[in-house]
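Report on one structure; see the data block that follows.
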Amino acid sequence: MKIGCVKEIKRHEYRVGMTPDCAAAYKAHGHSVTIQAGAGTEAGFPDEQYKAAGAAIEADAKKIFAESDMIIKVKEPQESEFPLFHEGQILYTYLHLAPDEPQTKALLKAKIIGIAYETMQLADGTLPCLKPMSEIAGRLAIQEGAKYLERPFGGRGVLLSGVPGVPRGKVVILGGGVVGMNAAKIAAGMGADVTILDINANRLAYIDDIFGGKVQTLYSNEANVKACIAEADLVVGAVLIPGAKAPHLVRKEHLKLMKKHSVIVDVAVDQGGCIETTHATTHDNPVYLVDDVVHYCVANMPGAVARTSTLALTGTTLNYGLMIADKGAEAACKASPIIMKGLNVYKGHCTYKDVASAHGLEYMPAEKVI
Ligand SMILES: NC(=O)c1ccc[n+]([C@@H]2O[C@H](COP(=O)([O-])OP(=O)(O)OC[C@H]3O[C@@H](n4cnc5c(N)ncnc54)[C@H](O)[C@@H]3O)[C@@H](O)[C@H]2O)c1
């Protein structure tokens, strides 16, 4: 197969869909690889490393789109890329089609085969290509929260670890899933006083076992949430109800319970946020104040640590990508239910139920079209 990887053009997106090691792996499987010049530079992978791995370097993205059987990316295609696809071409990337009607319609019109990282699913319901980004966002939430707690960045001037004789900072994490666990790990490692709230009793028991008493677990209900945020220096929003908008666990009127210049990092912003006053921000301008509480609500947090994120993402996408390249999209879907779950659009058909219903489109089960 001819495989192409283009430079990401979304604002402040520095990740790249393929590392030089990935390029070498595709080559070793007998495929040809073309990388757009400079595609990996911002993540610390210069063109020379791709060349050494056997990839061709091409300056013109249009040429790569035109000549590749499969395009490997990170973010969903941007509007200027919509006309560059051709019928039957495989697009392997994050797509996030449910909230994006124009993109869904453009990809259907282009009759491509769109396999989305975020809907690939293991038998236990977990999302292998989303997990590494949640791990990163969870860890980064504490790093960013600690920074914005510094007074010059707008925070209340609290060091999360405290020092001998001075109390530790209080971190409250709403949701103990992948983001929440990773946030807790870093916060506890820094020596903060950490509380996690979740509605899942098994999850709370697991967290209690793993952290051996270093992290306080609490049932998530309104009374506990209110009591915790009133004490918190840093609140991390990490709730997810799959396929649904995040519930507003902290409402606007609750902000007045919080300490002046405390910080909220609402990682769940991509699902609407679990804080009512959340709205999406960018790495350009990540924070804003509501009722004297600092809000950090960047929707693509992992983009800030492009190198780590690229290595983490490609660590999971490579093996599925190799299967798609080796067998072709149809046979790969038939061989792997995980890849089949990733199929969102197939040659003009919408093959993902939630995407079809989000845009009033006819849903065509993947099994029927391939
Ligand atoms: N902003 C970013 O850059 C970024 C990056 C990665 C992930 N995310 C988002 O972070 C969110 C969390 O992702 P995840 O991978 O940790 O999900 P997850 O499914 O692993 O965890 C979600 C947790 O929320 C809990 N939960 C559900 N309702 C709750 C409630 N009312 N109170 C408390 N807990 C509740 C669930 O029991 C579960 O343990 C998602 O919205 C995800 O899309 C954002």
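Just remember, in the structure tokens the first chain shown is A, the second B, etc., residues are 1-based per chain, and ligands are 1-based in the order shown.
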Margin query: Just want the 8 Å neighbourhood of segment 84-99 of chain A, counted on only C-alpha atoms, with same-chain residues fewer than 6 positions away dropped. Output as a PyMOL selection string.
Written below: chain A and resi 17+62+65-66+68-77+110-118+321+329+347+354-356+358-359
Distance table requested - chain A against ligand 1, cut-off 8 Å, only C-alpha atoms and all ligand atoms: one row per qualifying residue with the closest atom pair and its distance in Å to one decimal, ordered by chain and rising residue number, as a tab-separated table.
```
residue	atom	partner	partner_atom_place_in_ligand_line	distance
A:Leu130	CA	ligand 1	15 (O)	7.1
A:Lys131	CA	ligand 1	15 (O)	5.9
A:Met133	CA	ligand 1	6 (C)	4.9
A:Ser134	CA	ligand 1	6 (C)	3.7
A:Glu135	CA	ligand 1	6 (C)	7.2
A:Ile136	CA	ligand 1	6 (C)	7.2
A:Ala137	CA	ligand 1	5 (C)	4.8
A:Gly138	CA	ligand 1	6 (C)	7.3
A:Leu174	CA	ligand 1	33 (C)	5.2
A:Gly175	CA	ligand 1	34 (N)	3.6
A:Gly176	CA	ligand 1	39 (O)	4.4
A:Gly177	CA	ligand 1	21 (O)	3.1
A:Val178	CA	ligand 1	16 (O)	3.7
A:Val179	CA	ligand 1	16 (O)	3.6
A:Gly180	CA	ligand 1	16 (O)	5.6
A:Met181	CA	ligand 1	16 (O)	7.6
A:Leu197	CA	ligand 1	33 (C)	5.4
A:Asp198	CA	ligand 1	34 (N)	3.6
A:Ile199	CA	ligand 1	33 (C)	5.0
A:Asn200	CA	ligand 1	37 (O)	4.8
A:Arg203	CA	ligand 1	39 (O)	6.3
A:Tyr219	CA	ligand 1	33 (C)	7.6
A:Ser220	CA	ligand 1	32 (N)	4.7
A:Asn221	CA	ligand 1	32 (N)	7.0
A:Gly237	CA	ligand 1	11 (C)	7.6
A:Ala238	CA	ligand 1	12 (C)	4.4
A:Val239	CA	ligand 1	24 (O)	3.6
A:Leu240	CA	ligand 1	22 (C)	4.0
A:Ile241	CA	ligand 1	27 (C)	5.2
A:Pro242	CA	ligand 1	19 (O)	6.7
A:Ala246	CA	ligand 1	41 (O)	6.9
A:Pro247	CA	ligand 1	31 (N)	6.4
A:Leu249	CA	ligand 1	31 (N)	6.5
A:Asp266	CA	ligand 1	1 (N)	7.2
A:Val267	CA	ligand 1	1 (N)	4.2
A:Ala268	CA	ligand 1	41 (O)	3.8
A:Val269	CA	ligand 1	1 (N)	5.6
A:Asp270	CA	ligand 1	43 (O)	5.5
A:Gln271	CA	ligand 1	41 (O)	4.9
A:Gly272	CA	ligand 1	41 (O)	7.9
A:Gly273	CA	ligand 1	41 (O)	7.3
A:Cys297	CA	ligand 1	1 (N)	6.9
A:Val298	CA	ligand 1	1 (N)	5.5
A:Ala299	CA	ligand 1	1 (N)	4.0
A:Asn300	CA	ligand 1	3 (O)	3.6
A:Met301	CA	ligand 1	3 (O)	3.7
A:Pro302	CA	ligand 1	3 (O)	5.6
A:Gly303	CA	ligand 1	3 (O)	7.8
```
Check: With only C-alpha atoms as the basis for distance, which of A:Arg307, A:Asn319, A:Pro167, A:Val290 is at the shortest distance from Pro46 of chain A?
Finding: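 Looking at the shortest contact to Pro46 of chain A, the residue is A:Arg307.
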Next item on the list: Give the answer as one residue: which of A:Glu13, A:Asp233, A:Asp124, A:Glu67 has the shortest atom-to-atom distance to Ala146 of chain A, using only C-alpha atoms?
Entry: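 Smallest separation from Ala146 of chain A among the options: A:Asp233.
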Next item on the list: Using DSSP on the backbone coordinates, identify the residues of segment 50-140 of chain A assigned to strand (DSSP E); present them as a ChimeraX atom specification.
Entry: /A:56-58,70-72,90-93,113-116
Selected residues, N, CA and C atoms, written as an mmCIF file, in the first residue's frame, please.
```cif
data_model
loop_
_atom_site.group_PDB
_atom_site.id
_atom_site.type_symbol
_atom_site.label_atom_id
_atom_site.label_comp_id
_atom_site.auth_asym_id
_atom_site.auth_seq_id
_atom_site.Cartn_x
_atom_site.Cartn_y
_atom_site.Cartn_z
ATOM 1 N N ALA A 56 9.863 8.476 1.851
ATOM 2 C CA ALA A 56 10.108 9.573 0.910
ATOM 3 C C ALA A 56 9.595 10.861 1.561
ATOM 4 N N ILE A 57 10.268 11.972 1.286
ATOM 5 C CA ILE A 57 9.830 13.259 1.833
ATOM 6 C C ILE A 57 9.232 14.062 0.682
ATOM 7 N N GLU A 58 8.029 14.607 0.903
ATOM 8 C CA GLU A 58 7.336 15.367 -0.151
ATOM 9 C C GLU A 58 6.831 16.680 0.459
ATOM 10 N N MET A 70 -3.596 5.185 1.715
ATOM 11 C CA MET A 70 -4.023 5.397 3.113
ATOM 12 C C MET A 70 -3.312 6.627 3.653
ATOM 13 N N ILE A 71 -4.117 7.527 4.250
ATOM 14 C CA ILE A 71 -3.561 8.728 4.892
ATOM 15 C C ILE A 71 -3.602 8.500 6.404
ATOM 16 N N ILE A 72 -2.466 8.708 7.040
ATOM 17 C CA ILE A 72 -2.404 8.572 8.504
ATOM 18 C C ILE A 72 -2.176 9.963 9.093
ATOM 19 N N ILE A 90 -8.262 5.359 2.250
ATOM 20 C CA ILE A 90 -8.423 5.103 3.689
ATOM 21 C C ILE A 90 -7.881 6.300 4.459
ATOM 22 N N LEU A 91 -8.663 6.767 5.438
ATOM 23 C CA LEU A 91 -8.200 7.838 6.333
ATOM 24 C C LEU A 91 -8.192 7.258 7.736
ATOM 25 N N TYR A 92 -7.012 7.238 8.353
ATOM 26 C CA TYR A 92 -6.842 6.623 9.680
ATOM 27 C C TYR A 92 -6.353 7.713 10.629
ATOM 28 N N THR A 93 -7.270 8.191 11.509
ATOM 29 C CA THR A 93 -6.974 9.357 12.338
ATOM 30 C C THR A 93 -8.068 9.529 13.402
ATOM 31 N N ILE A 113 -12.856 5.788 3.105
ATOM 32 C CA ILE A 113 -13.031 4.809 4.181
ATOM 33 C C ILE A 113 -12.407 5.449 5.423
ATOM 34 N N GLY A 114 -13.251 5.917 6.335
ATOM 35 C CA GLY A 114 -12.749 6.665 7.499
ATOM 36 C C GLY A 114 -12.719 5.794 8.744
ATOM 37 N N ILE A 115 -11.537 5.509 9.238
ATOM 38 C CA ILE A 115 -11.391 4.703 10.466
ATOM 39 C C ILE A 115 -10.915 5.638 11.574
ATOM 40 N N ALA A 116 -11.767 5.791 12.599
ATOM 41 C CA ALA A 116 -11.509 6.791 13.642
ATOM 42 C C ALA A 116 -10.856 6.149 14.860
#
```
Next item on the list: State, in Å with one decimal place, the distance from atom CA of Pro20 of chain A to atom CA of Glu8 of chain A.
Entry: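 The value is 16.1 Å.
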Next item on the list: One decimal, Å: what's the distance from atom CA of Cys333 of chain A over to atom CA of Val369 of chain A, could you say?
Entry: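 Straight-line distance from atom CA of Cys333 of chain A to atom CA of Val369 of chain A works out to 11.1 Å.
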Check: Taking the backbone alone, and naming residues the way the document does, which bits of segment 96-212 of chain A are helix (DSSP H, G or I) by DSSP, as number ranges by chain?
Finding: A: 101-109, 117-119, 131-149, 151-153, 178-190, 201-211
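Counting only C-alpha atoms and comparing A:Pro337, A:Gly348, A:Gly165, A:Pro102, the residue that lies closest to Gln121 of chain A is A:Pro337.
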Margin query: So that I can see what lies close to segment 148-156 of chain A, please list as a list in words the residues with an atom at most 8 Å from it, counting only C-alpha atoms and leaving out residues fewer than 6 positions away in the same chain.
Written below: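 What passes the distance filter is Asp233, Leu234, Lys260, His261, Ser262, Val263 and Val294 of chain A.
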Could you dump the residues just selected with N, CA and C atoms as a PDB file, in the first residue's frame?
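Saved result, selection_18.pdb, follows:
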```
ATOM      1  N   ASP A 233      -7.805  23.657  46.487  1.00  0.00           N
ATOM      2  CA  ASP A 233      -6.990  24.638  45.773  1.00  0.00           C
ATOM      3  C   ASP A 233      -7.110  24.383  44.267  1.00  0.00           C
ATOM      4  N   LEU A 234      -7.158  23.098  43.915  1.00  0.00           N
ATOM      5  CA  LEU A 234      -7.228  22.708  42.501  1.00  0.00           C
ATOM      6  C   LEU A 234      -8.314  21.651  42.324  1.00  0.00           C
ATOM      7  N   LYS A 260     -11.013  32.040  46.727  1.00  0.00           N
ATOM      8  CA  LYS A 260     -10.632  33.037  45.727  1.00  0.00           C
ATOM      9  C   LYS A 260      -9.311  32.619  45.071  1.00  0.00           C
ATOM     10  N   HIS A 261      -9.283  32.650  43.746  1.00  0.00           N
ATOM     11  CA  HIS A 261      -8.100  32.309  42.955  1.00  0.00           C
ATOM     12  C   HIS A 261      -7.700  30.834  43.044  1.00  0.00           C
ATOM     13  N   SER A 262      -8.664  29.993  43.444  1.00  0.00           N
ATOM     14  CA  SER A 262      -8.415  28.558  43.273  1.00  0.00           C
ATOM     15  C   SER A 262      -8.542  28.254  41.775  1.00  0.00           C
ATOM     16  N   VAL A 263      -8.155  27.033  41.377  1.00  0.00           N
ATOM     17  CA  VAL A 263      -8.059  26.709  39.937  1.00  0.00           C
ATOM     18  C   VAL A 263      -8.918  25.488  39.609  1.00  0.00           C
ATOM     19  N   VAL A 294     -10.019  30.525  38.671  1.00  0.00           N
ATOM     20  CA  VAL A 294      -9.321  30.368  37.386  1.00  0.00           C
ATOM     21  C   VAL A 294      -9.835  29.108  36.696  1.00  0.00           C
TER      22      VAL A 294
END
```
Check: Using only C-alpha atoms, which of A:Thr34, A:Asn285, A:Thr351, A:Thr19 sits nearest Met1 of chain A?
Finding: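 Closest to Met1 of chain A of all the choices is A:Thr34.
Using only C-alpha atoms, the nearest neighbour of Glu222 of chain A within the list A:Ala37, A:His254, A:Asp209, A:Met120 is A:His254.
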Margin query: Just to confirm, what's the straight-line distance from atom CA of Glu79 of chain A to atom CA of Val265 of chain A in Å (one decimal)?
Written below: 29.6 Å
Notebook entry, point to check: So, counting only C-alpha atoms, which residue among A:Ala28, A:Thr104, A:Ala52, A:Leu257 is closest to Gly360 of chain A?
Noted result: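 The answer is A:Thr104, which sits nearest to Gly360 of chain A.
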Check: Within 6 Å of Ala192 of chain A, counting only C-alpha atoms, which residues qualify if same-chain residues fewer than 4 places away don't, as a list in words?
Finding: Leu160, Ser161, Arg168, Gly169, Ala187 and Ala188 of chain A
Store the residues picked out above, limited to C-alpha atoms, as a PDB file, in the first residue's frame.
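Listing of again_6.pdb after writing:
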```
ATOM      1  CA  LEU A 160       0.797  21.723  45.932  1.00  0.00           C
ATOM      2  CA  SER A 161       3.434  19.866  47.937  1.00  0.00           C
ATOM      3  CA  ARG A 168      -0.155  20.684  51.408  1.00  0.00           C
ATOM      4  CA  GLY A 169      -2.347  21.918  48.585  1.00  0.00           C
ATOM      5  CA  ALA A 187      -0.827  14.983  42.463  1.00  0.00           C
ATOM      6  CA  ALA A 188      -0.107  12.353  45.122  1.00  0.00           C
TER       7      ALA A 188
END
```
Check: Near segment 24-27 of chain A, within 7 Å and counting only C-alpha atoms, which residues show up once chain neighbours fewer than 3 positions away are dropped, as an NGL selection string?
Finding: :A and (20-21 or 30-33 or 53-54 or 322)
Let me see the file: selected residues, N, CA and C atoms, as an mmCIF file, in the first residue's frame.
```
data_model
loop_
_atom_site.group_PDB
_atom_site.id
_atom_site.type_symbol
_atom_site.label_atom_id
_atom_site.label_comp_id
_atom_site.auth_asym_id
_atom_site.auth_seq_id
_atom_site.Cartn_x
_atom_site.Cartn_y
_atom_site.Cartn_z
ATOM 1 N N PRO A 20 9.369 8.173 12.862
ATOM 2 C CA PRO A 20 10.288 7.461 11.958
ATOM 3 C C PRO A 20 10.262 5.949 12.195
ATOM 4 N N ASP A 21 10.134 5.512 13.446
ATOM 5 C CA ASP A 21 10.074 4.068 13.727
ATOM 6 C C ASP A 21 8.828 3.441 13.090
ATOM 7 N N GLY A 30 6.523 -4.043 3.685
ATOM 8 C CA GLY A 30 6.432 -3.982 2.227
ATOM 9 C C GLY A 30 5.644 -2.808 1.675
ATOM 10 N N HIS A 31 5.304 -1.830 2.501
ATOM 11 C CA HIS A 31 4.538 -0.675 2.028
ATOM 12 C C HIS A 31 5.480 0.483 1.707
ATOM 13 N N SER A 32 5.000 1.422 0.891
ATOM 14 C CA SER A 32 5.810 2.622 0.667
ATOM 15 C C SER A 32 5.253 3.732 1.559
ATOM 16 N N VAL A 33 6.141 4.603 2.041
ATOM 17 C CA VAL A 33 5.723 5.646 2.982
ATOM 18 C C VAL A 33 6.208 7.006 2.486
ATOM 19 N N ALA A 53 14.706 6.118 7.744
ATOM 20 C CA ALA A 53 13.804 4.969 7.964
ATOM 21 C C ALA A 53 13.239 4.441 6.636
ATOM 22 N N GLY A 54 13.600 5.106 5.537
ATOM 23 C CA GLY A 54 13.175 4.615 4.225
ATOM 24 C C GLY A 54 11.959 5.331 3.658
ATOM 25 N N LEU A 322 -0.885 -1.220 10.783
ATOM 26 C CA LEU A 322 -0.184 -2.243 9.982
ATOM 27 C C LEU A 322 -1.167 -3.287 9.477
#
```
